[in-house]
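J.: Next up, start.cif (mmCIF, C-alpha atoms).
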data_entry
loop_
_atom_site.label_atom_id
_atom_site.label_comp_id
_atom_site.auth_asym_id
_atom_site.auth_seq_id
_atom_site.Cartn_x
_atom_site.Cartn_y
_atom_site.Cartn_z
CA MET A 1 -17.22 49.85 55.59
CA PRO A 2 -15.56 47.77 58.34
CA GLU A 3 -12.39 46.09 57.08
CA LEU A 4 -10.21 43.36 58.54
CA PRO A 5 -8.76 45.46 61.42
CA GLU A 6 -12.21 46.60 62.54
CA VAL A 7 -13.71 43.11 62.20
CA GLU A 8 -10.84 41.58 64.19
CA HIS A 9 -11.60 44.17 66.89
CA TYR A 10 -15.25 43.06 66.85
CA ARG A 11 -14.04 39.47 67.29
CA GLN A 12 -12.19 40.47 70.42
CA ILE A 13 -15.39 42.02 71.81
CA LEU A 14 -17.33 38.81 71.15
CA LEU A 15 -14.63 36.67 72.77
CA SER A 16 -15.67 38.12 76.14
CA LEU A 17 -18.82 35.97 75.78
CA VAL A 18 -16.93 32.69 75.35
CA SER A 19 -17.48 30.11 78.08
CA ASN A 20 -14.62 29.85 80.56
CA GLU A 21 -14.03 26.10 80.56
CA SER A 22 -10.98 26.35 82.81
CA LYS A 23 -13.24 27.56 85.62
CA GLY A 24 -15.98 25.07 84.84
CA GLN A 25 -18.41 27.83 83.94
CA LYS A 26 -21.13 26.95 81.46
CA GLN A 27 -22.40 30.15 79.90
CA SER A 28 -25.56 29.41 77.93
CA VAL A 29 -26.08 32.11 75.37
CA HIS A 30 -29.34 34.05 75.13
CA LEU A 31 -30.22 36.03 72.02
CA ASP A 32 -32.64 38.93 71.77
CA PHE A 33 -33.80 40.97 68.82
CA GLY A 34 -33.30 44.70 68.83
CA PRO A 35 -36.20 47.10 68.31
CA PRO A 36 -38.00 47.03 64.94
CA PRO A 37 -37.63 47.37 62.05
CA LEU A 38 -35.42 44.31 61.69
CA PRO A 39 -33.73 43.17 58.47
CA THR A 40 -35.95 40.98 56.32
CA LYS A 41 -33.20 39.34 54.26
CA ARG A 42 -30.14 37.33 55.31
CA PHE A 43 -31.07 37.53 58.97
CA LEU A 44 -32.06 34.85 61.47
CA ALA A 45 -35.77 34.23 61.87
CA GLU A 46 -37.69 34.43 65.14
CA ARG A 47 -38.07 30.65 65.28
CA THR A 48 -34.32 30.19 64.85
CA LEU A 49 -33.62 32.58 67.71
CA ARG A 50 -36.08 30.76 69.97
CA LEU A 51 -34.62 27.33 69.23
CA ILE A 52 -31.10 28.55 69.96
CA ASN A 53 -32.25 29.99 73.30
CA GLU A 54 -34.05 26.77 74.21
CA GLY A 55 -31.13 24.57 73.16
CA ASP A 56 -28.83 25.51 76.07
CA TYR A 57 -26.02 26.51 73.70
CA GLU A 58 -22.83 28.18 74.81
CA ILE A 59 -20.32 30.21 72.80
CA THR A 60 -17.09 28.21 72.55
CA ASP A 61 -15.17 30.26 69.98
CA VAL A 62 -15.31 33.20 67.60
CA LEU A 63 -13.48 32.74 64.29
CA ARG A 64 -12.65 35.23 61.58
CA LYS A 65 -11.64 34.99 57.95
CA GLY A 66 -11.23 38.23 56.04
CA LYS A 67 -14.15 40.47 56.98
CA VAL A 68 -16.48 37.63 58.07
CA LEU A 69 -17.00 36.41 61.65
CA CYS A 70 -18.30 33.04 62.79
CA VAL A 71 -19.66 32.52 66.31
CA VAL A 72 -19.48 28.84 67.31
CA LEU A 73 -22.28 27.57 69.58
CA LYS A 74 -22.16 24.12 71.13
CA THR A 75 -24.36 22.10 73.46
CA ASP A 76 -24.40 18.66 75.05
CA THR A 77 -26.62 16.51 72.91
CA THR A 78 -26.98 12.96 71.66
CA ALA A 79 -28.71 14.15 68.52
CA ALA A 80 -25.49 14.89 66.66
CA LYS A 81 -24.83 12.61 63.70
CA GLU A 82 -21.59 11.56 62.14
CA GLY A 83 -20.54 13.28 58.93
CA ASP A 84 -19.97 16.83 57.79
CA ILE A 85 -23.52 18.01 57.23
CA PHE A 86 -24.32 21.69 57.36
CA THR A 87 -27.54 23.38 56.32
CA ILE A 88 -28.11 27.06 55.62
CA THR A 89 -31.10 27.96 57.75
CA GLU A 90 -32.50 31.18 56.31
CA GLU A 91 -35.93 29.54 56.68
CA ALA A 92 -35.29 28.69 60.36
CA ASP A 93 -34.99 24.98 59.62
CA ILE A 94 -32.87 24.02 62.62
CA SER A 95 -34.24 21.59 65.12
CA GLY A 96 -32.43 23.06 68.12
CA LYS A 97 -30.88 19.64 68.83
CA GLU A 98 -27.74 20.05 66.73
CA ALA A 99 -24.48 19.61 68.62
CA THR A 100 -23.02 22.71 66.97
CA ILE A 101 -24.51 25.80 65.42
CA LEU A 102 -22.54 28.39 63.47
CA ILE A 103 -23.64 32.03 63.29
CA SER A 104 -21.95 33.90 60.44
CA LEU A 105 -21.78 37.69 60.72
CA HIS A 106 -20.98 39.98 57.81
CA MET A 107 -20.86 43.71 58.55
CA GLY A 108 -21.84 45.04 55.13
CA MET A 109 -21.38 48.81 54.84
CA THR A 110 -22.20 49.95 58.38
CA GLY A 111 -22.40 46.88 60.62
CA ARG A 112 -20.46 46.73 63.89
CA ILE A 113 -20.25 44.82 67.15
CA SER A 114 -20.51 46.87 70.35
CA SER A 115 -20.51 46.18 74.08
CA PRO A 116 -21.77 48.30 76.99
CA ASN A 117 -18.18 49.34 77.67
CA HIS A 118 -17.13 50.01 74.12
CA ILE A 119 -18.87 51.28 70.99
CA PRO A 120 -16.39 51.21 68.08
CA LYS A 121 -16.32 54.21 65.77
CA LEU A 122 -16.79 54.03 62.02
CA GLU A 123 -15.98 56.82 59.57
CA SER A 124 -19.28 56.13 57.79
CA LEU A 125 -21.30 56.70 60.98
CA SER A 126 -21.76 59.68 63.26
CA GLU A 127 -20.21 59.37 66.70
CA GLU A 128 -22.86 57.69 68.83
CA CYS A 129 -22.09 56.89 72.46
CA SER A 130 -25.37 55.36 73.62
CA TYR A 131 -25.70 51.61 74.12
CA PRO A 132 -27.13 49.73 72.43
CA PRO A 133 -26.44 51.91 69.36
CA PRO A 134 -29.30 52.92 67.06
CA HIS A 135 -30.33 50.26 64.55
CA THR A 136 -29.30 47.39 66.82
CA HIS A 137 -30.75 44.19 65.37
CA LEU A 138 -29.33 41.43 67.59
CA ILE A 139 -28.24 41.34 71.25
CA ILE A 140 -26.11 38.47 72.58
CA ASN A 141 -26.14 37.83 76.34
CA SER A 142 -24.09 35.52 78.54
CA PRO A 143 -25.02 34.53 82.13
CA ASN A 144 -21.91 36.22 83.54
CA GLY A 145 -23.39 39.59 82.63
CA GLN A 146 -21.36 40.12 79.46
CA GLN A 147 -23.26 41.42 76.46
CA ALA A 148 -22.59 42.43 72.87
CA CYS A 149 -24.82 43.59 70.06
CA PHE A 150 -24.87 43.76 66.28
CA SER A 151 -26.07 47.04 64.78
CA ASP A 152 -26.33 47.97 61.10
CA PRO A 153 -28.05 51.23 60.07
CA ARG A 154 -27.98 50.55 56.32
CA ARG A 155 -28.87 46.85 56.74
CA PHE A 156 -26.47 45.53 54.10
CA GLY A 157 -24.90 43.16 56.64
CA SER A 158 -26.11 39.66 57.43
CA VAL A 159 -26.60 37.21 60.30
CA ILE A 160 -26.99 33.68 58.95
CA VAL A 161 -27.29 30.48 60.98
CA HIS A 162 -25.89 27.11 59.88
CA SER A 163 -26.32 23.78 61.62
CA TYR A 164 -23.24 21.56 61.81
CA ASP A 165 -23.83 17.92 62.73
CA CYS A 166 -20.41 16.47 63.33
CA GLN A 167 -18.22 15.58 66.30
CA ASN A 168 -15.00 16.73 64.60
CA ASP A 169 -13.27 20.01 65.36
CA ILE A 170 -14.50 22.86 63.19
CA GLY A 171 -12.16 23.87 60.40
CA GLU A 172 -12.37 26.55 57.75
CA GLU A 173 -13.80 24.03 55.30
CA HIS A 174 -16.81 23.46 57.60
CA ILE A 175 -17.92 27.11 57.63
CA PRO A 176 -20.00 27.95 54.54
CA ALA A 177 -19.40 31.69 54.86
CA PHE A 178 -15.61 31.11 54.72
CA GLN A 179 -15.49 28.68 51.83
CA GLU A 180 -15.57 31.13 48.91
CA LEU A 181 -13.10 33.57 50.45
CA ALA A 182 -9.43 33.79 49.49
CA PRO A 183 -6.87 33.21 52.30
CA ASP A 184 -7.04 35.68 55.18
CA ALA A 185 -4.90 38.74 54.41
CA LEU A 186 -3.38 39.11 57.86
CA THR A 187 -2.30 35.48 58.11
CA SER A 188 -1.15 35.19 54.50
CA ALA A 189 0.91 38.38 54.56
CA LYS A 190 2.48 37.45 57.90
CA ASP A 191 3.65 34.14 56.49
CA SER A 192 5.17 35.96 53.47
CA ASP A 193 3.83 33.13 51.34
CA LEU A 194 5.74 33.11 48.04
CA ASP A 195 2.66 31.76 46.31
CA ILE A 196 0.76 34.87 47.44
CA VAL A 197 3.54 37.14 46.11
CA THR A 198 3.48 35.53 42.69
CA LYS A 199 -0.32 35.81 42.52
CA PHE A 200 -0.03 39.58 42.79
CA ALA A 201 2.71 39.79 40.16
CA ASN A 202 2.33 40.04 36.39
CA GLN A 203 -1.47 40.43 36.43
CA LYS A 204 -3.33 42.36 33.71
CA LYS A 205 -6.02 43.31 36.24
CA VAL A 206 -5.19 46.57 38.07
CA ILE A 207 -3.78 46.11 41.55
CA LYS A 208 -6.53 48.00 43.42
CA ALA A 209 -9.17 45.71 41.93
CA ILE A 210 -7.14 42.63 42.91
CA LEU A 211 -6.81 43.87 46.50
CA LEU A 212 -10.55 44.52 46.78
CA ASP A 213 -11.55 41.15 45.32
CA GLN A 214 -12.23 38.97 48.36
CA ARG A 215 -11.97 35.76 46.33
CA GLN A 216 -8.85 36.27 44.23
CA VAL A 217 -5.68 36.50 46.34
CA MET A 218 -6.52 37.68 49.87
CA SER A 219 -9.66 38.43 51.83
CA GLY A 220 -10.14 41.22 54.36
CA ILE A 221 -8.78 44.23 52.49
CA GLY A 222 -11.21 47.07 51.78
CA ASN A 223 -10.91 50.58 50.41
CA TRP A 224 -8.96 52.41 53.11
CA VAL A 225 -6.52 49.54 53.74
CA ALA A 226 -5.89 49.18 49.99
CA ASP A 227 -5.18 52.91 49.65
CA GLU A 228 -2.83 52.84 52.65
CA VAL A 229 -0.93 49.83 51.37
CA LEU A 230 -0.58 51.22 47.85
CA TYR A 231 0.56 54.59 49.21
CA ARG A 232 3.26 52.94 51.31
CA SER A 233 4.24 50.68 48.39
CA ARG A 234 4.45 53.66 46.01
CA LEU A 235 2.08 51.94 43.59
CA HIS A 236 -0.67 53.60 41.56
CA PRO A 237 -4.00 51.81 42.10
CA ASP A 238 -4.38 51.34 38.33
CA GLN A 239 -0.95 49.74 37.99
CA SER A 240 -0.92 46.32 36.35
CA PHE A 241 1.78 43.73 35.66
CA LEU A 242 3.63 44.18 38.97
CA THR A 243 7.16 42.86 39.19
CA ILE A 244 8.04 40.24 41.77
CA SER A 245 9.92 42.91 43.73
CA GLU A 246 6.89 45.21 43.73
CA ALA A 247 4.58 42.35 44.73
CA SER A 248 6.91 41.36 47.57
CA THR A 249 6.95 44.93 48.87
CA LEU A 250 3.17 45.05 48.58
CA VAL A 251 2.73 41.89 50.70
CA SER A 252 5.12 43.24 53.34
CA GLU A 253 3.15 46.49 53.53
CA ILE A 254 -0.13 44.58 53.77
CA HIS A 255 1.17 42.80 56.84
CA TYR A 256 2.51 46.01 58.39
CA VAL A 257 -0.70 47.99 57.85
CA LEU A 258 -3.04 45.21 59.02
CA SER A 259 -1.00 44.14 62.05
CA THR A 260 -0.45 47.75 63.14
CA ALA A 261 -4.13 48.64 62.71
CA VAL A 262 -5.24 45.55 64.67
CA THR A 263 -2.88 46.47 67.51
CA CYS A 264 -4.15 50.05 67.57
CA LEU A 265 -7.85 49.19 67.47
CA ASN A 266 -7.46 46.65 70.25
CA GLY A 267 -6.36 49.46 72.54
CA GLU A 268 -2.62 48.81 72.70
CA GLU A 269 -1.94 52.17 71.01
CA GLU A 270 -3.92 55.41 71.07
CA GLN A 271 -4.59 55.69 67.32
CA LEU A 272 -3.32 54.77 63.89
CA PRO A 273 0.10 56.28 63.12
CA GLU A 274 -0.12 60.01 62.37
CA GLN A 275 1.93 59.57 59.18
CA TRP A 276 -0.72 57.36 57.60
CA LEU A 277 -2.83 58.49 54.68
CA PHE A 278 -5.86 57.26 56.63
CA HIS A 279 -6.14 60.54 58.55
CA ARG A 280 -6.27 62.60 55.35
CA ARG A 281 -8.10 60.40 52.83
CA TRP A 282 -11.67 61.37 53.71
CA ARG A 283 -11.85 64.48 51.49
CA GLY A 284 -11.49 66.68 54.56
CA GLY A 285 -9.17 69.26 53.03
CA GLY A 286 -11.93 71.52 51.74
CA SER A 287 -13.26 71.83 48.17
CA ASN A 288 -14.16 68.15 48.18
CA GLY A 289 -10.61 67.20 49.13
CA ALA A 290 -8.88 69.46 46.60
CA ASN A 291 -6.62 70.90 49.30
CA SER A 292 -5.77 67.60 51.03
CA LYS A 293 -2.10 66.82 51.67
CA ASP A 294 -0.28 63.89 53.20
CA PHE A 295 1.83 64.02 56.37
CA ASN A 296 4.80 65.37 54.40
CA GLY A 297 2.77 68.06 52.65
CA LYS A 298 2.41 66.28 49.30
CA LYS A 299 -0.84 66.79 47.42
CA ILE A 300 -3.51 64.09 47.66
CA SER A 301 -5.72 63.46 44.64
CA PHE A 302 -8.81 61.30 44.32
CA VAL A 303 -9.31 58.92 41.40
CA LYS A 304 -11.66 56.06 40.67
CA SER A 305 -10.01 52.64 40.61
CA GLY A 306 -11.38 49.16 41.08
CA GLY A 307 -14.85 50.68 41.17
CA ARG A 308 -14.04 52.74 44.28
CA SER A 309 -12.80 56.23 45.06
CA SER A 310 -9.06 56.05 45.73
CA ALA A 311 -6.84 58.54 47.55
CA ILE A 312 -3.36 58.76 46.00
CA VAL A 313 -0.30 61.00 46.15
CA PRO A 314 0.50 61.51 42.43
CA SER A 315 4.09 62.60 43.05
CA LEU A 316 4.79 59.21 44.69
CA GLN A 317 2.36 56.85 42.98
CA LYS A 318 3.00 56.94 39.25
CA LYS A 319 1.41 54.56 36.81
CA VAL A 320 3.94 52.83 34.56
CA ALA A 321 2.85 51.56 31.14
CA ARG A 322 3.65 47.85 30.95
CA LYS A 323 2.86 44.67 29.12
CA VAL A 324 3.28 41.09 30.28
CA ILE A 325 6.60 40.68 32.08
CA ALA A 326 8.60 37.70 30.90
CA ALA A 327 9.68 35.27 33.60
CA ASP A 328 13.11 36.34 34.84
CA SER A 329 15.58 34.90 37.31
CA GLU A 330 13.76 36.55 40.22
CA THR A 331 10.47 34.93 39.24
CA ALA A 332 12.13 31.57 38.63
CA SER A 333 13.76 31.74 42.05
CA CYS A 334 10.39 32.36 43.71
CA GLU A 335 8.80 29.50 41.79
CA LYS A 336 11.59 27.20 42.93
CA LYS A 337 11.06 28.15 46.58
CA LYS A 338 7.27 27.80 46.47
CA SER A 339 7.35 24.02 46.63
CA ALA A 340 9.22 24.23 49.95
CA THR A 341 6.64 26.55 51.48
CA LYS A 342 4.11 24.80 53.70
CA PRO A 343 0.52 26.14 53.62
CA ARG A 344 -0.87 27.32 56.93
CA ALA A 345 -4.43 27.69 58.20
CA SER A 346 -5.96 31.09 57.56
CA VAL A 347 -8.69 31.06 60.20
CA LYS A 348 -8.15 33.37 63.15
CA ARG A 349 -8.89 31.35 66.27
CA ARG A 350 -9.49 32.11 69.87
CA LYS A 351 -6.40 33.09 71.86
CA THR A 352 -5.47 30.65 74.64
#
Is it possible to give me this structure as structure tokens?

T.:
Amino acid sequence: MPELPEVEHYRQILLSLVSNESKGQKQSVHLDFGPPPLPTKRFLAERTLRLINEGDYEITDVLRKGKVLCVVLKTDTTAAKEGDIFTITEEADISGKEATILISLHMGMTGRISSPNHIPKLESLSEECSYPPPHTHLIINSPNGQQACFSDPRRFGSVIVHSYDCQNDIGEEHIPAFQELAPDALTSAKDSDLDIVTKFANQKKVIKAILLDQRQVMSGIGNWVADEVLYRSRLHPDQSFLTISEASTLVSEIHYVLSTAVTCLNGEEEQLPEQWLFHRRWRGGGSNGANSKDFNGKKISFVKSGGRSSAIVPSLQKKVARKVIAADSETASCEKKKSATKPRASVKRRKT
């Protein structure tokens, strides 16, 4: 399943379709369906696609929160009304005269964004080098010749259109697909938000389940990122009642893993660091992973945690029996500092 680093990479691919306003280029988007069969649920209808194409819309930005993308389409129109009014258009209810249209993309289990020059790899898919990839459902074209497509073999992903009738700049609160998500993991961990640290600490719920819950503390972390972070933090996935110190280390490792993975996938490095558990967590050691070892030769075991298969190194990640931890001076210090911490936006915006 694509996680935050992969989805941020897909965002970078889609940004090549954004209109270049500095050069006065208006790039009206044109959408095409891929070959049948197309998804029948949570996917734009034929009428919606036609109205977008006829509306002379251009892509002005591509936003991301967690593992969800939002493509922003705008057009010159006098039909826009004042007020924050958005409508989910699964029934193709748009008029085609809205000033702004939002296309939300969720990758599901096997969704990905590709371009003619780059087809990202996924562990869950065989290596396929043809373009467009098999099971392509939507193709996005710009007049400058740039193109990208959305493919999804298992069809658990979604492409949902929302109309947005307002002249104001689009914020996270205006995007329906973003509203129920917790703060973005990359942004939150980078800011080292003390409120985030305390939300991970002293919880009865096991830490792997908290990391995977897209609505609780952070959004964007999936199975392989969670395993990598817990491995580096020396935490068992079934550990509960983390100390403030453990939670602080966890947040630091979240930022390191996510920022490093984003850098690597965007082509600035050849691959993820060789020392990472990522390269050895796919049960590739024979006997269903029974012979797998980490970079330092320590045995890897596979357990079920948070409803998912989890790769751990038992000699490093030991579960400690705990009950509720009473507030101590460390916790009190963090609580005191929280009020001085300013919240920051968690929507990833277009680079300028």

J.: Write out as CSV a residue-level contact list of range 152-189 of chain A versus range 197-216 of chain A with cut-off 8 Å: for each qualifying residue the closest pair of atoms and the distance in Å to one decimal, counting all atoms listed in the file, rows sorted by chain and residue number upward.

T.:
residue,atom,partner,partner_atom,distance
A:Glu180,CA,A:Arg215,CA,6.4
A:Leu181,CA,A:Arg215,CA,4.8
A:Ala182,CA,A:Arg215,CA,4.5

J.: Considering all atoms listed in the file, give me a table of residues in range 102-123 of chain A that are at most 12 Å from range 58-67 of chain A, with the closest atom pair and distance in Å for each, as JSON lines.

T.:
{"residue": "A:Leu102", "atom": "CA", "partner": "A:Val62", "partner_atom": "CA", "distance": 9.6}
{"residue": "A:Ile103", "atom": "CA", "partner": "A:Val62", "partner_atom": "CA", "distance": 9.5}
{"residue": "A:Ser104", "atom": "CA", "partner": "A:Leu63", "partner_atom": "CA", "distance": 9.4}
{"residue": "A:Leu105", "atom": "CA", "partner": "A:Lys67", "partner_atom": "CA", "distance": 8.9}
{"residue": "A:His106", "atom": "CA", "partner": "A:Lys67", "partner_atom": "CA", "distance": 6.9}
{"residue": "A:Met107", "atom": "CA", "partner": "A:Lys67", "partner_atom": "CA", "distance": 7.6}
{"residue": "A:Gly108", "atom": "CA", "partner": "A:Lys67", "partner_atom": "CA", "distance": 9.1}
{"residue": "A:Met109", "atom": "CA", "partner": "A:Lys67", "partner_atom": "CA", "distance": 11.2}
{"residue": "A:Gly111", "atom": "CA", "partner": "A:Lys67", "partner_atom": "CA", "distance": 11.1}
{"residue": "A:Arg112", "atom": "CA", "partner": "A:Lys67", "partner_atom": "CA", "distance": 11.3}

J.: Quick one: which residues end up in the PyMOL selection byres ((chain A and resi 253) around 12) for this structure, as a PDB file with C-alpha atoms, in the coordinates of the input?

T.:
ATOM      1  CA  ALA A 185      -4.900  38.740  54.410  1.00  0.00           C
ATOM      2  CA  LEU A 186      -3.380  39.110  57.860  1.00  0.00           C
ATOM      3  CA  ALA A 189       0.910  38.380  54.560  1.00  0.00           C
ATOM      4  CA  LYS A 190       2.480  37.450  57.900  1.00  0.00           C
ATOM      5  CA  SER A 192       5.170  35.960  53.470  1.00  0.00           C
ATOM      6  CA  VAL A 197       3.540  37.140  46.110  1.00  0.00           C
ATOM      7  CA  VAL A 225      -6.520  49.540  53.740  1.00  0.00           C
ATOM      8  CA  ALA A 226      -5.890  49.180  49.990  1.00  0.00           C
ATOM      9  CA  ASP A 227      -5.180  52.910  49.650  1.00  0.00           C
ATOM     10  CA  GLU A 228      -2.830  52.840  52.650  1.00  0.00           C
ATOM     11  CA  VAL A 229      -0.930  49.830  51.370  1.00  0.00           C
ATOM     12  CA  LEU A 230      -0.580  51.220  47.850  1.00  0.00           C
ATOM     13  CA  TYR A 231       0.560  54.590  49.210  1.00  0.00           C
ATOM     14  CA  ARG A 232       3.260  52.940  51.310  1.00  0.00           C
ATOM     15  CA  SER A 233       4.240  50.680  48.390  1.00  0.00           C
ATOM     16  CA  ARG A 234       4.450  53.660  46.010  1.00  0.00           C
ATOM     17  CA  LEU A 235       2.080  51.940  43.590  1.00  0.00           C
ATOM     18  CA  GLU A 246       6.890  45.210  43.730  1.00  0.00           C
ATOM     19  CA  ALA A 247       4.580  42.350  44.730  1.00  0.00           C
ATOM     20  CA  SER A 248       6.910  41.360  47.570  1.00  0.00           C
ATOM     21  CA  THR A 249       6.950  44.930  48.870  1.00  0.00           C
ATOM     22  CA  LEU A 250       3.170  45.050  48.580  1.00  0.00           C
ATOM     23  CA  VAL A 251       2.730  41.890  50.700  1.00  0.00           C
ATOM     24  CA  SER A 252       5.120  43.240  53.340  1.00  0.00           C
ATOM     25  CA  ILE A 254      -0.130  44.580  53.770  1.00  0.00           C
ATOM     26  CA  HIS A 255       1.170  42.800  56.840  1.00  0.00           C
ATOM     27  CA  TYR A 256       2.510  46.010  58.390  1.00  0.00           C
ATOM     28  CA  VAL A 257      -0.700  47.990  57.850  1.00  0.00           C
ATOM     29  CA  LEU A 258      -3.040  45.210  59.020  1.00  0.00           C
ATOM     30  CA  SER A 259      -1.000  44.140  62.050  1.00  0.00           C
ATOM     31  CA  THR A 260      -0.450  47.750  63.140  1.00  0.00           C
ATOM     32  CA  ALA A 261      -4.130  48.640  62.710  1.00  0.00           C
TER      33      ALA A 261
END

J.: Run through the PyMOL selection byres ((chain A and resi 272) around 12) on the given coordinates and return the selected residues as a PDB file with C-alpha atoms, keeping the file's coordinate frame.

T.:
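And here's result.pdb as it stands now:
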ATOM      1  CA  PRO A   5      -8.760  45.460  61.420  1.00  0.00           C
ATOM      2  CA  VAL A 225      -6.520  49.540  53.740  1.00  0.00           C
ATOM      3  CA  GLU A 228      -2.830  52.840  52.650  1.00  0.00           C
ATOM      4  CA  TYR A 256       2.510  46.010  58.390  1.00  0.00           C
ATOM      5  CA  VAL A 257      -0.700  47.990  57.850  1.00  0.00           C
ATOM      6  CA  LEU A 258      -3.040  45.210  59.020  1.00  0.00           C
ATOM      7  CA  SER A 259      -1.000  44.140  62.050  1.00  0.00           C
ATOM      8  CA  THR A 260      -0.450  47.750  63.140  1.00  0.00           C
ATOM      9  CA  ALA A 261      -4.130  48.640  62.710  1.00  0.00           C
ATOM     10  CA  VAL A 262      -5.240  45.550  64.670  1.00  0.00           C
ATOM     11  CA  THR A 263      -2.880  46.470  67.510  1.00  0.00           C
ATOM     12  CA  CYS A 264      -4.150  50.050  67.570  1.00  0.00           C
ATOM     13  CA  LEU A 265      -7.850  49.190  67.470  1.00  0.00           C
ATOM     14  CA  ASN A 266      -7.460  46.650  70.250  1.00  0.00           C
ATOM     15  CA  GLY A 267      -6.360  49.460  72.540  1.00  0.00           C
ATOM     16  CA  GLU A 268      -2.620  48.810  72.700  1.00  0.00           C
ATOM     17  CA  GLU A 269      -1.940  52.170  71.010  1.00  0.00           C
ATOM     18  CA  GLU A 270      -3.920  55.410  71.070  1.00  0.00           C
ATOM     19  CA  GLN A 271      -4.590  55.690  67.320  1.00  0.00           C
ATOM     20  CA  PRO A 273       0.100  56.280  63.120  1.00  0.00           C
ATOM     21  CA  GLU A 274      -0.120  60.010  62.370  1.00  0.00           C
ATOM     22  CA  GLN A 275       1.930  59.570  59.180  1.00  0.00           C
ATOM     23  CA  TRP A 276      -0.720  57.360  57.600  1.00  0.00           C
ATOM     24  CA  LEU A 277      -2.830  58.490  54.680  1.00  0.00           C
ATOM     25  CA  PHE A 278      -5.860  57.260  56.630  1.00  0.00           C
ATOM     26  CA  HIS A 279      -6.140  60.540  58.550  1.00  0.00           C
ATOM     27  CA  ARG A 280      -6.270  62.600  55.350  1.00  0.00           C
TER      28      ARG A 280
END

J.: Pick the closest to Arg281 in chain A from A:Arg322, A:Val72, A:Trp224, A:Ser305: which is it, counting only C-alpha atoms?

T.: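 Nearest candidate to Arg281 in chain A out of A:Arg322, A:Val72, A:Trp224, A:Ser305: A:Trp224.
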
J.: Translate the PyMOL selection byres ((chain A and resi 11) around 8), as applied to the file shown, into an explicit residue set as a JSON list (two decimals) with C-alpha atoms, keeping the file's coordinate frame.

T.:
[["chain", "number", "residue", "atom", "x", "y", "z"],
["A", 7, "VAL", "CA", -13.71, 43.11, 62.20],
["A", 8, "GLU", "CA", -10.84, 41.58, 64.19],
["A", 9, "HIS", "CA", -11.60, 44.17, 66.89],
["A", 10, "TYR", "CA", -15.25, 43.06, 66.85],
["A", 12, "GLN", "CA", -12.19, 40.47, 70.42],
["A", 13, "ILE", "CA", -15.39, 42.02, 71.81],
["A", 14, "LEU", "CA", -17.33, 38.81, 71.15],
["A", 15, "LEU", "CA", -14.63, 36.67, 72.77],
["A", 62, "VAL", "CA", -15.31, 33.20, 67.60],
["A", 63, "LEU", "CA", -13.48, 32.74, 64.29],
["A", 64, "ARG", "CA", -12.65, 35.23, 61.58],
["A", 69, "LEU", "CA", -17.00, 36.41, 61.65]]

J.: From the set A:Tyr164, A:Tyr57, A:Phe241, A:Tyr131, which residue has the shortest atom-to-atom contact distance to Val18 in chain A, counting only C-alpha atoms?

T.: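 Among the listed residues, A:Tyr57 lies closest to Val18 in chain A.
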
J.: How many Å lie between CA of Leu17 in chain A and CA of Gln146 in chain A, rounded to one decimal?

T.: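 Distance reported for this atom pair: 6.1 Å.
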
J.: Would you mind reading off the distance between CA of Asn223 in chain A and CA of Pro2 in chain A, one decimal, in Å?

T.: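 Separation of CA of Asn223 in chain A and CA of Pro2 in chain A: 9.6 Å.
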
J.: For range 33-37 of chain A, work out the shell of residues within 10 Å, counting all atoms listed in the file and skipping chain neighbours fewer than 5 positions away, then give it as a ChimeraX atom specification.

T.: /A:44-46,49,132-140,149-151

J.: Under the rule that all atoms listed in the file are counted, which of A:Val161, A:Leu316, A:Met1, A:Ile221 is the nearest residue to Pro183 in chain A?

T.: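 Among A:Val161, A:Leu316, A:Met1, A:Ile221, it is A:Ile221 that comes nearest to Pro183 in chain A.
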
J.: Excluding Ser114 in chain A and its own-chain neighbours fewer than 4 positions away, which residues fall within 6 Å of it when counting all atoms listed in the file? Please give them as a list in words.

T.: His118, Ile119, Ala148 and Cys149 of chain A

J.: Between CA of Gly297 in chain A and CA of Glu3 in chain A, what is the distance, to one decimal in Å?

T.: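 These two atoms are separated by 27.1 Å.
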
J.: Taking all atoms of range 318-322 of chain A that the file lists, what box with edges along x, y and z, padded by 6 Å per side, do you get, with centre and edge lengths in Å to one decimal, as lines of an AutoDock Vina configuration file?

T.:
center_x = 2.7
center_y = 52.4
center_z = 35.1
size_x = 14.5
size_y = 21.1
size_z = 20.3

J.: Under the rule that all atoms listed in the file are counted, which of A:Val324, A:Ile196, A:Lys41, A:Lys319 is the nearest residue to Gln239 in chain A?

T.: A:Lys319
